[in-house]
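Input: a single structure, listed below in structure tokens.
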Amino acid sequence: MTMLRLYNTLTRREEAFAPSQGNTVRLYGCGPTVYARAHIGNFRTFVSVDILRRTLKYVCGYQVRQAVNYTDVDDKTINGAREAGVPLREYTEQWIRAFGGDAAALGLETPEETPRATDEANLRAMSEMIFALERNGHTYRRDGSIYFRISTLPAYGTLARLDREGMQDGTSVDVDEYSKDDPRDFVLWKAERPGEPSWDFGTGPGRPGWHIECSAMALRLLGDPPIDLHAGGVDLIFPHHENEIAQSEGATKKPFARFWMHVEHLFVEHEKMSKSLGNVYTLADITARGHRPSALRYLLLSAHYRKQLNFTWTGMDQAEEALRRIVDFLTRLEDVPPGASHPSVLQAVEQARDAFRSALADDLNTAAALAAVFDLVRDVNAAIDARTVSAADAAASRQAIEEFDRVLGVVSLRQAEDARPPVPVEEIERLMQERQAARQRRDFAAADRIRQDLADRGILLEDNPGGTRWKKK
Ligand code: AMP
Ligand code: ZN
């Protein structure tokens with residue numbers, strides 16, 4: 001099996017990666033804050049972590065135990081729930097469902113654990129971690145809130161490579177309205193405020209700070225530190241991940257995570273995504289323009305995760321075209337004549353396999369992995385033109401593409417999209433019932449309109465003595 005070399009933000013170097021306990025990789029990824037639909041930048045990070053997960057499983061042969069949290073309590077979620085006039089959990093539930101739908105549409109494998117910060121077991125774990133930090137002398141209390149005193153942890157700043165002198169000058173750090181001894185300190189537990197949800201498992205009434213959520217959930221769900229891998233977007237290195245390390249190490253006195261993976265940002269037409277620029281796109285915005293989720297997944301994984309990626313509509317068209325090229329190739333393979341294999345084709349297949357695996361093993365170089373796929377497509381297409389491809393070669397080529405797609409996850413996604421009826425099944429069934437009712441009241445014009453409407457949208461109705469059936473045109 002292939003050994004992965006992964007860039008570790010902690011050491012700023014590529015290192016050979018293997019899990020510390022047996023064959024199972026313990027992986028934590030910071031998940032979405034559930035107050036709105038996640039945007040395509042968020043999904044660049046989630047797709048990249050999905051590529052990591054699939055590479056660990058299908059290229060390196062490990063098992064993966066992955067936790068991705070939902071941040072379901074913070075200022076944004078609380079304000080959103082207040083404005084909507086619904087309880088916090090009910091409010092965040094709808095965004096969690098929307099996220100799950102988008103994640104499935106983009107072919108993300110489901111993590112083993114998807115905790116919500118406000119699950120009671122997690123809030124208890126956060127409180128326990130705060131008590132451990134208190135016992136180890138890393139905290140102070142002020143007006144009902146509990147803070148982490150970073151001067152008590154000499155290693156603070158190692159991940160972000162902070163210049164401690166620079167920090168003393170008051171570099172803006174996690175500033176909020178709460179009073180702190182030192183601007184660099186950060187809040188672990190926020191005192192209860194009127195109109196805000198509040199819990200108390202021994203800390204005093206209040207709610208968790210954002211950073212403590214991830215530290216506590218990672219260790220509760222993945223076991224003894226250090227966990228193998230922790231991932232997120234580059235914006236999280238500081239202060240979020242630095243603070244996660246401080247909390248976990250301050251509480252357990254052991255290293256928190258062995259490897260840190262950070263995904264560079266997605267830009268839109270060379271600009272940062274922002275509400276004021278009106279370029280914060282969601283998956284729904286992409287599909288509204290006629291693109292399918294498989295093409296967006298392709299675009300998001302087409303660049304190396306440590307390089308910035310620029311989203312453009314032209315890029316979406318190119319992603320569609322590239323993906324179609326692979327799918328058309330698979331179709332073409334179905335029509336080659338029977339016969340024994342040709343060594344030159346099998347050699348191209350083996351070369352592509354090697355190149356694909358070594359590209360991924362080289363810090364998840366998806367751009368190079370895709371180049372290996374297209375080399376194979378080009379070589380075998382040329383061989384088909386020259387009539388030197390038999391069914392045996394075609395089977396080997398198809399098998400290789402299927403193997404690549406276990407990691408890429410774009411071809412199977414496109415095939416599933418193609419197989420799905422152009423009108424949702426529930427809608428077809430509802431319209432069939434309406435048509436049946438129209439016929440019963442002898443309104444044949446209305447019944448025909450429904451049939452024609454479905455036909456225009458690619459669904460044919462067939463009336464048989466036993467009843468009506470639908471099929472794709
Ligand atoms: P959030 O919901 O803001 O907590 O973000 C969820 C994940 O998306 C985090 O890992 C962020 O680092 C990541 N993220 C946010 N914006 C972008 C972006 N423009 N490109 C890539 N990842 C992003
Ligand atoms: Zn986190």
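Each chain in the structure tokens gets a letter, A, B, ..., in the order shown, and its residues are numbered from 1; ligands are numbered from 1 in order too.
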
Give me, as a tab-separated table, each residue of chain A that comes within 8 Å of ligand 2, together with its shortest interatomic pair and the distance in Å at one decimal, counting only C-alpha atoms and all ligand atoms, with rows ordered by chain and rising residue number.
```
residue	atom	partner	partner_atom_place_in_ligand_line	distance
A:Gly29	CA	ligand 2	1 (Zn)	6.9
A:Cys30	CA	ligand 2	1 (Zn)	4.0
A:Gly31	CA	ligand 2	1 (Zn)	6.8
A:Asn69	CA	ligand 2	1 (Zn)	7.7
A:Trp210	CA	ligand 2	1 (Zn)	7.6
A:His211	CA	ligand 2	1 (Zn)	6.3
A:Glu213	CA	ligand 2	1 (Zn)	7.2
A:Cys214	CA	ligand 2	1 (Zn)	4.6
A:Ser215	CA	ligand 2	1 (Zn)	7.4
A:Gly232	CA	ligand 2	1 (Zn)	7.5
A:Leu236	CA	ligand 2	1 (Zn)	7.6
A:His240	CA	ligand 2	1 (Zn)	6.5
A:His241	CA	ligand 2	1 (Zn)	6.7
A:Glu244	CA	ligand 2	1 (Zn)	7.3
```

Item to check | Neighbourhood of ligand 1 at 9 Å, counting only C-alpha atoms and all ligand atoms, reported as a PyMOL selection string | outcome: chain A and resi 29-36+38-46+70-71+231-237+262-268+272-274+280+308-309

Checklist entry - Looking at A:Arg116, A:Lys254, A:Arg292, A:Arg37, which one is nearest to Ala416 of chain A, with distances taken over only C-alpha atoms? => result A:Arg292

Checklist entry - Counting only C-alpha atoms, what is within 8 Å of segment 51-57 of chain A, bar same-chain residues fewer than 6 positions away, as a PyMOL selection string? => result chain A and resi 4+25+63-64+301+360+364+406-408

For the residues in the current selection, export N, CA, C and O atoms as a PDB file, in the first residue's frame.
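Listing of selection.pdb after writing:
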```
ATOM      1  N   LEU A   4       1.412   7.928   2.386  1.00  0.00           N
ATOM      2  CA  LEU A   4       1.078   9.319   2.078  1.00  0.00           C
ATOM      3  C   LEU A   4       2.121  10.257   2.656  1.00  0.00           C
ATOM      4  O   LEU A   4       2.527  10.120   3.808  1.00  0.00           O
ATOM      5  N   VAL A  25      -7.033   5.764  11.177  1.00  0.00           N
ATOM      6  CA  VAL A  25      -6.672   7.188  11.229  1.00  0.00           C
ATOM      7  C   VAL A  25      -7.764   7.930  11.979  1.00  0.00           C
ATOM      8  O   VAL A  25      -8.939   7.842  11.626  1.00  0.00           O
ATOM      9  N   GLN A  63      -8.203   2.448   7.756  1.00  0.00           N
ATOM     10  CA  GLN A  63      -9.579   2.766   8.125  1.00  0.00           C
ATOM     11  C   GLN A  63      -9.562   4.199   8.644  1.00  0.00           C
ATOM     12  O   GLN A  63      -8.541   4.656   9.153  1.00  0.00           O
ATOM     13  N   VAL A  64     -10.686   4.876   8.513  1.00  0.00           N
ATOM     14  CA  VAL A  64     -10.734   6.268   8.964  1.00  0.00           C
ATOM     15  C   VAL A  64     -11.857   6.435   9.965  1.00  0.00           C
ATOM     16  O   VAL A  64     -12.964   5.931   9.766  1.00  0.00           O
ATOM     17  N   LEU A 301     -11.876  20.155  -6.758  1.00  0.00           N
ATOM     18  CA  LEU A 301     -10.734  19.280  -6.479  1.00  0.00           C
ATOM     19  C   LEU A 301      -9.662  19.367  -7.561  1.00  0.00           C
ATOM     20  O   LEU A 301      -8.628  18.714  -7.459  1.00  0.00           O
ATOM     21  N   LEU A 360      -1.299  11.441  -5.642  1.00  0.00           N
ATOM     22  CA  LEU A 360      -2.053  11.634  -4.395  1.00  0.00           C
ATOM     23  C   LEU A 360      -1.155  11.459  -3.177  1.00  0.00           C
ATOM     24  O   LEU A 360      -1.294  12.171  -2.178  1.00  0.00           O
ATOM     25  N   LEU A 364      -1.395  14.916  -1.678  1.00  0.00           N
ATOM     26  CA  LEU A 364      -2.723  14.998  -2.286  1.00  0.00           C
ATOM     27  C   LEU A 364      -2.736  15.899  -3.529  1.00  0.00           C
ATOM     28  O   LEU A 364      -3.581  16.791  -3.647  1.00  0.00           O
ATOM     29  N   ARG A 406     -12.886   6.189  -7.066  1.00  0.00           N
ATOM     30  CA  ARG A 406     -13.164   5.963  -5.635  1.00  0.00           C
ATOM     31  C   ARG A 406     -12.617   7.144  -4.839  1.00  0.00           C
ATOM     32  O   ARG A 406     -13.166   7.519  -3.811  1.00  0.00           O
ATOM     33  N   VAL A 407     -11.519   7.728  -5.303  1.00  0.00           N
ATOM     34  CA  VAL A 407     -10.970   8.911  -4.625  1.00  0.00           C
ATOM     35  C   VAL A 407     -11.609  10.192  -5.171  1.00  0.00           C
ATOM     36  O   VAL A 407     -12.051  11.045  -4.414  1.00  0.00           O
ATOM     37  N   LEU A 408     -11.686  10.306  -6.499  1.00  0.00           N
ATOM     38  CA  LEU A 408     -12.182  11.558  -7.085  1.00  0.00           C
ATOM     39  C   LEU A 408     -13.685  11.721  -6.840  1.00  0.00           C
ATOM     40  O   LEU A 408     -14.156  12.825  -6.579  1.00  0.00           O
TER      41      LEU A 408
END
```

Item to check | Members of segment 52-285 of chain A assigned helix (DSSP H, G or I) by DSSP, as an MDAnalysis selection string | outcome: chainID A and resid 52:59 75:84 88:105 120:135 150:152 164:168 210:222 234:252 283:285

Checklist entry - What does the distance from atom CA of Ala84 of chain A to atom CA of Thr114 of chain A come to in Å, to one decimal? => result 24.8 Å
